[in-house]
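One file, start_36.txt, is given below (compact mmCIF, C-alpha atoms).
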```txt
# COMPACT_ATOMS: atom_id res chain seq x y z
CA MET A 1357 -39.03 90.31 66.81
CA ARG A 1358 -39.87 92.45 69.85
CA VAL A 1359 -36.73 93.93 71.34
CA PRO A 1360 -36.69 94.45 75.12
CA SER A 1361 -35.83 97.96 76.29
CA ARG A 1362 -32.86 96.52 78.22
CA VAL A 1363 -30.77 94.83 75.54
CA ILE A 1364 -27.82 93.83 77.72
CA SER A 1365 -27.75 93.30 81.45
CA LEU A 1366 -24.54 92.03 83.01
CA GLN A 1367 -24.35 91.66 86.77
CA SER A 1368 -20.99 90.67 88.23
CA ALA A 1369 -20.37 88.60 85.10
CA VAL A 1370 -17.27 86.44 85.28
CA CYS A 1371 -15.94 84.82 82.14
CA LEU A 1372 -12.90 82.54 82.03
CA LEU A 1373 -10.50 81.97 79.16
CA GLY A 1374 -8.88 78.77 80.34
CA ARG A 1375 -8.19 79.56 83.99
CA PHE A 1376 -7.72 83.27 83.35
CA PRO A 1377 -10.67 85.49 84.33
CA ALA A 1378 -11.00 87.61 81.17
CA LEU A 1379 -14.08 89.23 82.69
CA ALA A 1380 -13.80 89.60 86.44
CA GLY A 1381 -17.24 90.65 87.62
CA ALA A 1382 -18.36 93.07 84.91
CA ASP A 1383 -21.53 95.12 85.38
CA LEU A 1384 -23.10 96.70 82.32
CA GLU A 1385 -26.58 97.80 81.35
CA VAL A 1386 -27.27 98.69 77.71
CA ASN A 1387 -30.62 99.95 76.47
CA ALA A 1388 -32.17 99.55 73.05
CA GLY A 1389 -30.75 102.05 70.57
CA ASP A 1390 -27.59 102.73 72.56
CA VAL A 1391 -24.33 102.94 70.67
CA VAL A 1392 -21.73 102.06 73.28
CA LEU A 1393 -18.00 102.60 72.89
CA LEU A 1394 -15.90 100.10 74.83
CA ALA A 1395 -12.39 101.39 75.39
CA GLY A 1396 -9.48 99.76 77.15
CA PRO A 1397 -5.94 98.54 76.73
CA ASN A 1398 -5.03 95.20 75.19
CA GLY A 1399 -6.15 92.28 77.31
CA ALA A 1400 -8.62 94.36 79.29
CA GLY A 1401 -11.55 92.15 78.29
CA LYS A 1402 -13.24 94.08 75.45
CA THR A 1403 -13.30 91.20 72.98
CA THR A 1404 -14.32 88.78 75.71
CA LEU A 1405 -17.22 91.06 76.60
CA LEU A 1406 -18.34 91.14 72.96
CA ARG A 1407 -18.03 87.37 72.60
CA LEU A 1408 -19.98 86.89 75.80
CA CYS A 1409 -22.76 89.16 74.52
CA ALA A 1410 -22.76 87.24 71.22
CA GLY A 1411 -23.43 84.02 73.10
CA LEU A 1412 -20.08 82.56 72.11
CA LEU A 1413 -18.77 82.30 75.65
CA ALA A 1414 -20.36 80.97 78.80
CA VAL A 1415 -20.71 83.08 81.90
CA ARG A 1416 -18.91 81.38 84.79
CA SER A 1417 -20.67 83.27 87.56
CA GLY A 1418 -22.87 86.31 87.91
CA ARG A 1419 -25.78 86.95 85.56
CA ALA A 1420 -25.85 87.86 81.89
CA VAL A 1421 -29.08 88.56 80.01
CA VAL A 1422 -28.92 89.61 76.36
CA LEU A 1423 -32.01 90.52 74.33
CA GLY A 1424 -34.15 89.03 77.08
CA HIS A 1425 -32.39 85.66 77.02
CA ASP A 1426 -30.34 84.37 79.93
CA LEU A 1427 -26.92 83.38 78.58
CA ALA A 1428 -26.68 80.61 81.16
CA SER A 1429 -29.56 78.73 79.57
CA ASP A 1430 -30.32 80.07 76.11
CA ARG A 1431 -27.25 81.18 74.20
CA ARG A 1432 -28.59 79.96 70.86
CA ALA A 1433 -31.57 82.31 71.01
CA VAL A 1434 -29.18 85.22 71.56
CA ARG A 1435 -27.04 84.26 68.58
CA ARG A 1436 -30.00 84.37 66.23
CA SER A 1437 -30.45 88.10 66.90
CA VAL A 1438 -26.82 89.15 67.09
CA GLY A 1439 -24.39 90.23 64.39
CA MET A 1440 -20.70 90.30 65.10
CA VAL A 1441 -17.67 91.65 63.31
CA GLY A 1442 -14.61 90.28 65.05
CA HIS A 1443 -10.91 89.92 64.47
CA GLU A 1444 -11.73 86.96 62.21
CA THR A 1445 -14.28 87.06 59.42
CA PHE A 1446 -16.20 83.84 60.26
CA ALA A 1447 -16.18 83.12 56.52
CA TYR A 1448 -15.00 80.23 54.35
CA ASP A 1449 -11.98 80.79 52.12
CA ASP A 1450 -13.33 78.66 49.26
CA LEU A 1451 -16.78 80.26 49.14
CA THR A 1452 -17.40 83.47 47.25
CA VAL A 1453 -18.58 86.71 48.79
CA SER A 1454 -22.10 85.94 47.69
CA GLU A 1455 -22.03 82.33 48.93
CA ASN A 1456 -20.66 83.29 52.33
CA VAL A 1457 -23.30 85.95 52.91
CA ARG A 1458 -26.12 83.80 51.58
CA PHE A 1459 -25.16 80.90 53.81
CA ALA A 1460 -25.35 83.09 56.91
CA THR A 1461 -28.54 84.73 55.68
CA ARG A 1462 -30.35 81.48 54.93
CA ALA A 1463 -29.24 80.02 58.25
CA ALA A 1464 -30.91 82.99 59.91
CA GLY A 1465 -34.09 82.37 57.94
CA ARG A 1466 -33.74 85.47 55.83
CA THR A 1467 -33.92 85.91 52.08
CA ARG A 1468 -31.45 86.10 49.22
CA GLU A 1469 -32.50 89.74 48.78
CA ASP A 1470 -31.33 90.48 52.33
CA ALA A 1471 -27.95 88.98 51.43
CA ASP A 1472 -27.66 90.94 48.20
CA ALA A 1473 -28.67 94.19 49.91
CA ALA A 1474 -26.00 93.71 52.58
CA ILE A 1475 -23.35 93.05 49.94
CA VAL A 1476 -24.29 96.23 48.10
CA ARG A 1477 -24.31 98.21 51.33
CA VAL A 1478 -20.72 97.30 52.19
CA GLY A 1479 -19.58 98.04 48.65
CA LEU A 1480 -18.74 94.52 47.52
CA ALA A 1481 -21.28 94.28 44.69
CA GLU A 1482 -18.48 94.05 42.12
CA LEU A 1483 -16.85 91.17 43.97
CA THR A 1484 -19.78 88.82 44.58
CA GLY A 1485 -18.12 85.98 42.64
CA VAL A 1486 -14.71 86.31 44.26
CA ALA A 1487 -13.69 83.74 46.88
CA HIS A 1488 -13.02 85.00 50.40
CA GLY A 1489 -9.48 83.65 50.18
CA ARG A 1490 -8.74 85.98 47.28
CA LEU A 1491 -10.01 89.15 48.94
CA SER A 1492 -7.76 91.80 50.45
CA GLN A 1493 -7.76 92.29 54.20
CA GLY A 1494 -10.04 95.31 53.95
CA GLN A 1495 -12.44 93.55 51.62
CA ARG A 1496 -12.61 90.64 54.06
CA ARG A 1497 -13.54 93.02 56.86
CA ARG A 1498 -16.33 94.39 54.70
CA LEU A 1499 -17.53 90.89 53.92
CA SER A 1500 -17.62 90.16 57.63
CA LEU A 1501 -19.78 93.27 58.11
CA ALA A 1502 -22.08 92.15 55.27
CA ILE A 1503 -22.53 88.74 56.93
CA ALA A 1504 -23.46 90.46 60.17
CA LEU A 1505 -25.84 92.97 58.56
CA ALA A 1506 -27.60 90.46 56.29
CA ARG A 1507 -29.07 88.81 59.37
CA ASP A 1508 -30.65 92.16 60.36
CA PRO A 1509 -29.35 91.86 63.92
CA ARG A 1510 -30.94 93.71 66.82
CA LEU A 1511 -27.57 93.81 68.53
CA LEU A 1512 -24.46 94.57 66.50
CA LEU A 1513 -21.08 93.85 68.05
CA LEU A 1514 -18.11 95.50 66.36
CA ASP A 1515 -14.58 94.60 67.43
CA GLU A 1516 -12.07 97.15 66.11
CA PRO A 1517 -14.39 97.98 63.20
CA HIS A 1518 -12.01 100.43 61.52
CA ALA A 1519 -8.96 98.19 61.64
CA GLY A 1520 -7.46 97.35 58.25
CA LEU A 1521 -9.92 99.48 56.29
CA ASP A 1522 -9.22 102.17 53.74
CA ALA A 1523 -11.16 105.44 53.62
CA GLU A 1524 -14.00 103.90 51.66
CA GLY A 1525 -14.27 100.99 54.04
CA ARG A 1526 -14.23 103.28 57.05
CA ALA A 1527 -17.04 105.30 55.49
CA VAL A 1528 -19.09 102.09 55.20
CA VAL A 1529 -18.52 101.28 58.86
CA ASP A 1530 -19.32 104.85 59.85
CA ASP A 1531 -22.57 104.69 57.90
CA VAL A 1532 -23.58 101.50 59.71
CA MET A 1533 -22.80 103.00 63.12
CA ALA A 1534 -24.47 106.31 62.34
CA ASN A 1535 -27.70 104.68 61.14
CA ALA A 1536 -27.87 101.94 63.77
CA PRO A 1537 -30.36 103.68 66.09
CA THR A 1538 -32.77 104.53 63.24
CA GLU A 1539 -32.50 100.95 61.99
CA GLY A 1540 -33.46 99.67 65.41
CA ARG A 1541 -30.04 98.33 66.30
CA THR A 1542 -28.09 98.54 69.49
CA VAL A 1543 -24.33 98.65 68.94
CA LEU A 1544 -21.30 97.80 71.04
CA ILE A 1545 -18.02 99.02 69.59
CA ALA A 1546 -14.71 97.86 71.00
CA SER A 1547 -12.04 100.12 69.59
CA HIS A 1548 -8.57 101.43 70.11
CA GLU A 1549 -9.39 104.27 67.75
CA VAL A 1550 -11.51 106.05 70.30
CA ASP A 1551 -11.86 109.30 68.39
CA LEU A 1552 -13.27 107.52 65.33
CA ALA A 1553 -15.83 105.53 67.28
CA ARG A 1554 -16.69 108.37 69.66
CA ARG A 1555 -18.42 110.31 66.86
CA PHE A 1556 -21.27 107.80 66.89
CA ALA A 1557 -21.26 106.62 70.48
CA THR A 1558 -24.06 107.67 72.77
CA ARG A 1559 -22.23 106.19 75.75
CA GLU A 1560 -18.66 105.38 76.66
CA VAL A 1561 -17.47 102.56 78.88
CA ALA A 1562 -13.92 101.82 79.96
CA ILE A 1563 -12.95 98.18 80.30
CA VAL A 1564 -10.07 97.62 82.69
CA ALA A 1565 -8.91 94.26 84.05
CA GLY A 1566 -12.18 92.60 83.16
CA ARG A 1567 -14.43 95.20 84.75
CA ALA A 1568 -16.59 97.93 83.18
CA TYR A 1569 -16.51 101.58 84.23
CA GLU A 1570 -19.13 103.91 82.81
CA GLY A 1571 -18.45 107.41 81.53
CA ARG A 1572 -16.15 109.56 79.49
CA THR A 1573 -13.97 110.33 82.49
CA ALA A 1574 -13.23 106.65 82.94
CA VAL A 1575 -12.41 106.32 79.25
CA ALA A 1576 -10.13 109.36 79.41
CA LYS A 1577 -8.12 107.59 82.11
CA VAL A 1578 -7.46 104.54 79.94
CA GLU A 1579 -6.85 106.40 76.68
CA PRO A 1580 -3.11 106.94 77.35
CA LEU A 1581 -2.79 103.14 77.71
CA MET A 1582 -4.36 102.60 74.30
CA LYS A 1583 -2.24 104.80 72.07
CA VAL A 1584 -1.36 102.98 68.89
CA SER A 1585 2.34 103.02 68.05
CA PRO A 1586 3.08 105.14 64.94
CA MET B 1234 -35.82 76.70 59.63
CA SER B 1235 -36.53 72.97 59.83
CA ILE B 1236 -33.85 70.47 60.78
CA LEU B 1237 -33.99 68.99 57.26
CA ARG B 1238 -33.51 72.32 55.49
CA SER B 1239 -30.79 73.36 57.91
CA SER B 1240 -29.00 70.04 57.38
CA LEU B 1241 -29.16 70.42 53.62
CA LEU B 1242 -27.86 73.97 53.93
CA VAL B 1243 -24.80 72.79 55.88
CA ALA B 1244 -24.26 69.76 53.61
CA GLY B 1245 -24.52 71.97 50.52
CA LYS B 1246 -22.01 74.39 51.98
CA ASP B 1247 -19.50 71.64 52.80
CA LEU B 1248 -19.87 69.94 49.41
CA ARG B 1249 -19.50 73.27 47.60
CA ILE B 1250 -16.29 73.93 49.53
CA GLU B 1251 -14.98 70.48 48.59
CA ARG B 1252 -15.91 70.91 44.94
CA ARG B 1253 -14.16 74.28 44.91
CA SER B 1254 -11.02 73.25 46.81
CA ARG B 1255 -10.82 69.78 45.18
CA VAL B 1256 -9.08 68.37 48.23
CA ALA B 1257 -11.26 65.25 48.12
CA MET B 1258 -10.55 64.69 44.45
CA GLN B 1259 -6.88 65.57 44.46
CA GLN B 1260 -5.78 64.23 47.84
CA VAL B 1261 -8.29 61.92 49.53
CA LEU B 1262 -9.08 59.81 46.47
CA PRO B 1263 -5.45 59.40 45.36
CA PHE B 1264 -4.53 58.54 48.93
CA GLY B 1265 -7.07 55.71 48.98
CA ALA B 1266 -5.86 54.50 45.59
CA ILE B 1267 -2.23 54.54 46.77
CA VAL B 1268 -3.16 52.43 49.79
CA LEU B 1269 -4.76 49.87 47.46
CA VAL B 1270 -1.67 49.81 45.24
CA LEU B 1271 0.61 49.40 48.25
CA PHE B 1272 -1.40 46.40 49.41
CA ALA B 1273 -1.08 44.99 45.89
CA PHE B 1274 2.70 45.39 46.03
CA ALA B 1275 2.91 43.89 49.50
CA LEU B 1276 0.86 40.79 48.63
CA ASP B 1277 1.69 40.50 44.94
CA PRO B 1278 3.59 37.20 45.12
CA ASP B 1279 0.34 35.46 45.89
CA ARG B 1280 -2.31 36.83 43.50
CA GLY B 1281 -4.89 34.44 44.95
CA LEU B 1282 -4.37 35.82 48.42
CA LEU B 1283 -5.08 39.36 47.18
CA SER B 1284 -8.51 38.46 45.88
CA ARG B 1285 -9.30 36.50 49.05
CA VAL B 1286 -8.49 39.39 51.37
CA ALA B 1287 -9.83 42.07 49.01
CA PRO B 1288 -12.86 42.95 51.22
CA GLY B 1289 -10.66 43.69 54.22
CA LEU B 1290 -8.14 45.66 52.16
CA PHE B 1291 -10.98 47.64 50.56
CA TRP B 1292 -12.44 48.70 53.91
CA THR B 1293 -8.99 49.45 55.31
CA ALA B 1294 -8.31 51.75 52.36
CA VAL B 1295 -11.74 53.38 52.74
CA LEU B 1296 -11.21 53.87 56.45
CA LEU B 1297 -7.78 55.46 56.07
CA ALA B 1298 -9.02 57.78 53.33
CA ALA B 1299 -12.12 58.58 55.40
CA LEU B 1300 -9.86 59.91 58.14
CA LEU B 1301 -8.57 62.50 55.69
CA ALA B 1302 -12.11 63.40 54.61
CA VAL B 1303 -13.20 63.85 58.22
CA GLY B 1304 -10.15 65.93 59.02
CA ARG B 1305 -10.84 68.12 56.03
CA ALA B 1306 -14.53 68.55 56.95
CA PHE B 1307 -13.52 70.14 60.23
CA ALA B 1308 -10.36 71.89 59.07
CA VAL B 1309 -12.55 74.23 57.01
CA GLU B 1310 -14.26 75.30 60.23
CA GLU B 1311 -10.94 76.27 61.84
CA GLY B 1312 -9.91 78.89 59.26
CA ASN B 1313 -11.12 82.46 59.87
CA ALA B 1314 -12.92 81.18 63.00
CA ALA B 1315 -15.67 79.89 60.71
CA ARG B 1316 -16.64 77.61 63.58
CA ASP B 1317 -17.76 80.71 65.50
CA GLY B 1318 -19.69 81.80 62.43
CA LEU B 1319 -21.41 78.42 62.41
CA ARG B 1320 -22.30 78.84 66.07
CA LEU B 1321 -23.47 82.42 65.47
CA SER B 1322 -25.65 81.21 62.61
CA GLY B 1323 -28.12 79.96 65.19
CA LEU B 1324 -28.43 76.61 63.40
CA ASP B 1325 -29.41 73.68 65.57
CA GLY B 1326 -26.52 71.42 66.57
CA ILE B 1327 -28.48 68.41 65.32
CA ALA B 1328 -28.83 70.02 61.89
CA ILE B 1329 -25.13 70.82 61.75
CA PHE B 1330 -24.32 67.22 62.69
CA PHE B 1331 -26.58 65.80 59.98
CA GLY B 1332 -25.35 68.32 57.42
CA LYS B 1333 -21.69 67.57 57.97
CA ALA B 1334 -22.32 63.80 58.15
CA VAL B 1335 -24.32 63.86 54.89
CA ALA B 1336 -21.51 65.71 53.13
CA ILE B 1337 -19.00 63.12 54.35
CA VAL B 1338 -21.34 60.29 53.26
CA VAL B 1339 -21.46 61.73 49.73
CA GLU B 1340 -17.67 62.02 49.60
CA LEU B 1341 -17.18 58.50 50.95
CA ALA B 1342 -19.72 57.08 48.49
CA VAL B 1343 -17.71 58.47 45.58
CA LEU B 1344 -14.52 57.22 47.20
CA GLU B 1345 -15.95 53.72 47.68
CA VAL B 1346 -17.10 53.45 44.06
CA VAL B 1347 -13.66 54.43 42.78
CA LEU B 1348 -11.81 52.20 45.23
CA GLY B 1349 -14.24 49.37 44.48
CA LEU B 1350 -13.35 49.59 40.81
CA GLY B 1351 -9.71 49.69 41.84
CA VAL B 1352 -10.10 46.49 43.84
CA VAL B 1353 -11.75 44.73 40.89
CA VAL B 1354 -8.96 45.76 38.52
CA LEU B 1355 -5.92 45.50 40.80
CA TYR B 1356 -6.88 42.46 42.86
CA ASP B 1357 -8.53 40.49 40.06
CA VAL B 1358 -11.81 40.16 41.94
CA GLU B 1359 -14.97 38.79 40.33
CA VAL B 1360 -18.01 40.64 41.55
CA HIS B 1361 -20.90 38.58 42.91
CA GLY B 1362 -23.78 39.56 45.18
CA LEU B 1363 -23.89 43.21 44.17
CA LEU B 1364 -27.13 43.73 46.09
CA LEU B 1365 -25.52 42.55 49.32
CA ILE B 1366 -22.45 44.69 48.66
CA VAL B 1367 -24.56 47.83 48.19
CA ALA B 1368 -26.79 46.91 51.14
CA ALA B 1369 -23.72 46.60 53.37
CA ALA B 1370 -21.94 49.65 52.00
CA ILE B 1371 -24.82 52.01 52.79
CA PRO B 1372 -24.98 51.52 56.58
CA ALA B 1373 -21.20 51.11 56.76
CA THR B 1374 -20.73 54.49 55.10
CA ILE B 1375 -23.32 56.14 57.33
CA GLY B 1376 -21.67 54.65 60.41
CA LEU B 1377 -18.23 55.80 59.30
CA ALA B 1378 -19.41 59.32 58.49
CA ALA B 1379 -21.39 59.72 61.71
CA THR B 1380 -18.50 58.46 63.86
CA GLY B 1381 -16.08 60.75 62.05
CA THR B 1382 -18.41 63.71 62.50
CA VAL B 1383 -18.72 63.19 66.24
CA TYR B 1384 -14.99 62.79 66.81
CA GLY B 1385 -14.22 65.51 64.29
CA VAL B 1386 -16.06 68.12 66.33
CA LEU B 1387 -14.41 66.76 69.47
CA GLY B 1388 -11.06 67.58 67.89
CA LEU B 1389 -12.00 71.16 66.97
CA GLY B 1390 -9.74 73.64 68.70
CA VAL B 1391 -7.41 70.89 69.92
CA ARG B 1392 -3.81 71.43 68.89
CA ALA B 1393 -3.12 67.76 68.22
CA ARG B 1394 -6.34 67.29 66.24
CA GLU B 1395 -4.61 65.56 63.32
CA THR B 1396 -3.35 62.75 65.53
CA LEU B 1397 -6.12 62.71 68.11
CA VAL B 1398 -9.05 62.20 65.73
CA PRO B 1399 -7.63 59.03 64.04
CA LEU B 1400 -6.75 57.68 67.47
CA LEU B 1401 -10.38 58.05 68.53
CA VAL B 1402 -12.08 57.10 65.26
CA LEU B 1403 -10.17 53.93 64.38
CA PRO B 1404 -11.17 51.85 67.42
CA ALA B 1405 -14.71 53.23 67.32
CA VAL B 1406 -15.36 52.03 63.77
CA THR B 1407 -14.28 48.44 64.40
CA PRO B 1408 -17.89 47.25 63.80
CA VAL B 1409 -17.77 48.85 60.34
CA MET B 1410 -14.51 47.13 59.49
CA LEU B 1411 -15.76 43.81 60.78
CA GLY B 1412 -19.29 43.96 59.37
CA GLY B 1413 -18.28 45.48 56.03
CA THR B 1414 -15.50 42.96 55.49
CA GLN B 1415 -17.61 39.95 56.43
CA ALA B 1416 -20.59 41.07 54.31
CA PHE B 1417 -18.39 41.78 51.27
CA ASP B 1418 -16.57 38.49 51.78
CA ALA B 1419 -19.84 36.58 51.84
CA ALA B 1420 -21.07 38.38 48.72
CA LEU B 1421 -17.90 37.78 46.71
CA ASP B 1422 -17.71 34.19 47.91
CA GLY B 1423 -21.23 33.43 46.70
CA ARG B 1424 -22.62 32.98 50.23
CA PRO B 1425 -25.09 35.90 50.46
CA GLY B 1426 -27.04 34.23 53.24
CA ASP B 1427 -23.98 34.57 55.52
CA GLY B 1428 -23.72 38.28 54.74
CA TRP B 1429 -27.13 39.61 55.70
CA PRO B 1430 -26.67 39.27 59.48
CA TRP B 1431 -23.61 41.51 59.11
CA VAL B 1432 -25.75 44.06 57.26
CA GLN B 1433 -28.05 44.06 60.27
CA LEU B 1434 -25.08 44.68 62.54
CA LEU B 1435 -23.96 47.56 60.30
CA TRP B 1436 -27.43 49.15 60.43
CA ALA B 1437 -27.57 48.75 64.20
CA PHE B 1438 -24.18 50.44 64.52
CA ALA B 1439 -25.14 53.21 62.10
CA LEU B 1440 -28.39 53.97 63.92
CA LEU B 1441 -26.65 53.95 67.29
CA VAL B 1442 -23.90 56.33 66.19
CA VAL B 1443 -26.30 58.63 64.37
CA THR B 1444 -28.53 58.85 67.44
CA LEU B 1445 -25.67 59.43 69.87
CA GLY B 1446 -24.01 61.85 67.45
CA ALA B 1447 -27.15 63.92 67.00
CA LEU B 1448 -27.48 64.23 70.77
CA ALA B 1449 -23.80 64.91 71.49
CA PHE B 1450 -22.77 67.12 68.59
CA GLY B 1451 -24.38 70.38 69.79
CA PRO B 1452 -22.84 70.28 73.28
CA LEU B 1453 -19.47 69.23 71.81
CA LEU B 1454 -19.56 72.15 69.36
CA GLU B 1455 -20.28 74.48 72.27
CA GLU B 1456 -17.29 73.20 74.19
CA SER B 1457 -14.91 73.24 71.23
```

Could you rewrite the structure in this file as structure tokens?
Amino acid sequence: MRVPSRVISLQSAVCLLGRFPALAGADLEVNAGDVVLLAGPNGAGKTTLLRLCAGLLAVRSGRAVVLGHDLASDRRAVRRSVGMVGHETFAYDDLTVSENVRFATRAAGRTREDADAAIVRVGLAELTGVAHGRLSQGQRRRLSLAIALARDPRLLLLDEPHAGLDAEGRAVVDDVMANAPTEGRTVLIASHEVDLARRFATREVAIVAGRAYEGRTAVAKVEPLMKVSP
Amino acid sequence: MSILRSSLLVAGKDLRIERRSRVAMQQVLPFGAIVLVLFAFALDPDRGLLSRVAPGLFWTAVLLAALLAVGRAFAVEEGNAARDGLRLSGLDGIAIFFGKAVAIVVELAVLEVVLGLGVVVLYDVEVHGLLLIVAAAIPATIGLAATGTVYGVLGLGVRARETLVPLLVLPAVTPVMLGGTQAFDAALDGRPGDGWPWVQLLWAFALLVVTLGALAFGPLLEES
């Protein structure tokens, strides 16, 4: 698939959760190969921005174009080329690691080999026959990453990618982020652990009250609001 | 991926989940059987009455158990936000509709065979007109499954889903209850000629619901 040079283009994008404007006129331009860190306090709109870019939410007003597709008219086309790791795993408790990844892979028109390769890459090769419901929290996060990677997405959306992972799991996530540009992926990372994500980010964007502010200076201003309690 | 292959993928996934979790076998089927037994207790004083009203009791038991099967088919999409995964999969809404409906059809078919045997044993029914019975059961099952699938997705994300979906499904499947009961009654009563018009009604209902469901499911999934 040919990837446009402008992967994400949001212009005054407004997104409602119920009646609440979770995105209140966000502007954001992301180019192919960018690894963008989204930083902001809880409720700022980071997850909403990711879900919007994944085609899971509708844009209420403004314009949102992702991978060349207008989200107002063609969200399904966007979803085919997007991988997302969110707070939830999007997996079925009663299916095994292998079955969950293969289902997503086949739905995307890709092969069993793609599924197996993704499972190996996230370090779950020993657990292919274990049901999602029996996995630990960290293993579930890795499975979620495998589901996203098996589809070979052009745009990878990572919501708190380090959360709940041990050192080995974090190394897997780091490897994915570090190699994203050479693998032809554009990445958006929403994270409270700014220092961890910053190592791989080529750009930093602060999200505050549903709006996006570009630059490290803007992120530095919101960092005190994001400190995780010890 | 074609609609057919996508549908089979979704159906296979749902049936694998059911085989693994055994909810259909351990809860839905026993529930249907208990309903049959309760009817037997309620009407036991008049054994003749039981066999006369057996078609209606059979479809009532199937319908009540089907509500559980439909609820289960969509409950699995609620956990871990699997519903979002389904949307992210890029599968066509029509394919998801057919896939989920086919899985429910398979479960209901098993349920109907078991409950049918239960009716024969418990209600002392002599089976006549098996061809008519099967011919009526097929569109009735498709109509039930398709209706349940449409209203099941409507209930996704709704807090009161467990009570809302039965409230919507029960009135909507009145043609299945009516047509299925009348066709079975005609078959068991040795009047097959009276049953075939009801089979036509059941097919008309099934085709209507399948068509409307295929068109509506995608947008409903988006709004869920």

Close residues, A:Leu1505 itself excluded, 12 Å, only C-alpha atoms, min 2 positions apart in chain, as a PyMOL selection string: chain A and resi 1437-1441+1457-1458+1460-1461+1464+1466+1470-1478+1498-1503+1507-1514+1528-1529+1532-1533+1536+1539+1541+1543

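Atom CA of A:Asn1535 is positioned 23.5 Å from atom CA of A:Ala1562.
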
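Between B:Gln1433 and the candidates B:Pro1263, B:Gly1412, B:Pro1404, B:Gly1304, the tightest atom-to-atom separation, counting only C-alpha atoms, involves B:Gly1412.
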
Within 7 Å of chain B: residues of chain A, using all atoms listed in the file, as a ChimeraX atom specification: /A:1432,1435-1436,1444-1448,1450-1451,1460,1463-1465

Atom pair atom CA of B:Trp1436 / atom CA of B:Pro1372: separation (Å): 5.1 Å

Shell of 12 Å around B:Ala1273, all atoms listed in the file, local chain residues under 3 positions omitted, as a VMD selection string: chain B and resid 1266 to 1270 1276 to 1284 1286 to 1287 1290 to 1291 1294 1351 to 1357

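The spacing separating atom CA of A:Val1391 from atom CA of A:His1425 amounts to 20.1 Å.
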
Within 10 Å of stretch 1394-1396 of chain A using all atoms listed in the file, minus same-chain residues under 4 positions, as a VMD selection string: chain A and resid 1400 to 1403 1405 to 1406 1514 to 1516 1544 to 1550 1553 to 1554 1557 1559 to 1566 1568 to 1570 1572 1574 to 1582

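When all atoms listed in the file are used to compute distances to B:Val1402, the closest of the residues B:Val1383, B:Ala1370, B:Ala1275, B:Leu1421 turns out to be B:Val1383.
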
Residue among A:Thr1484, A:Ser1429, A:Thr1542, A:Gln1493 lying closest to A:Phe1556, counting all atoms listed in the file: A:Thr1542

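You can rank B:Phe1438, B:Phe1330, B:Trp1431, B:Phe1417 by their closest distance to B:Gly1376 using only C-alpha atoms, and at the top of that list sits B:Phe1438.
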
Nearest candidate to B:Pro1408 (options B:Val1261, B:Ala1328, B:Val1343, B:Leu1296; using all atoms listed in the file): B:Leu1296

Which residue of A:Leu1393, A:Leu1372, A:Leu1552, A:Leu1366 approaches A:Ala1519 most closely, using only C-alpha atoms: A:Leu1552

Distance query B:Phe1307 at most 8 Å, all atoms listed in the file, self and fewer than 4 positions along chain excluded, as a list in words: Val1303, Glu1311, Gly1385, Val1386 and Leu1389 of chain B

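Using all atoms listed in the file, the residues found no farther than 9 Å from B:Gly1423, other than those of its own chain fewer than 4 positions away, are His1361, Gly1362, Asp1418 and Ala1419 of chain B.
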
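Within 10 Å of the point (-24.3, 84.8, 85.3), counting only C-alpha atoms, the protein and nucleic acid residues come to Ser1365, Leu1366, Gln1367, Ser1368, Ala1369, Val1370, Cys1371, Gly1381, Ala1414, Val1415, Arg1416, Ser1417, Gly1418, Arg1419, Ala1420, Val1421, Asp1426, Leu1427, Ala1428 and Ser1429 of chain A.
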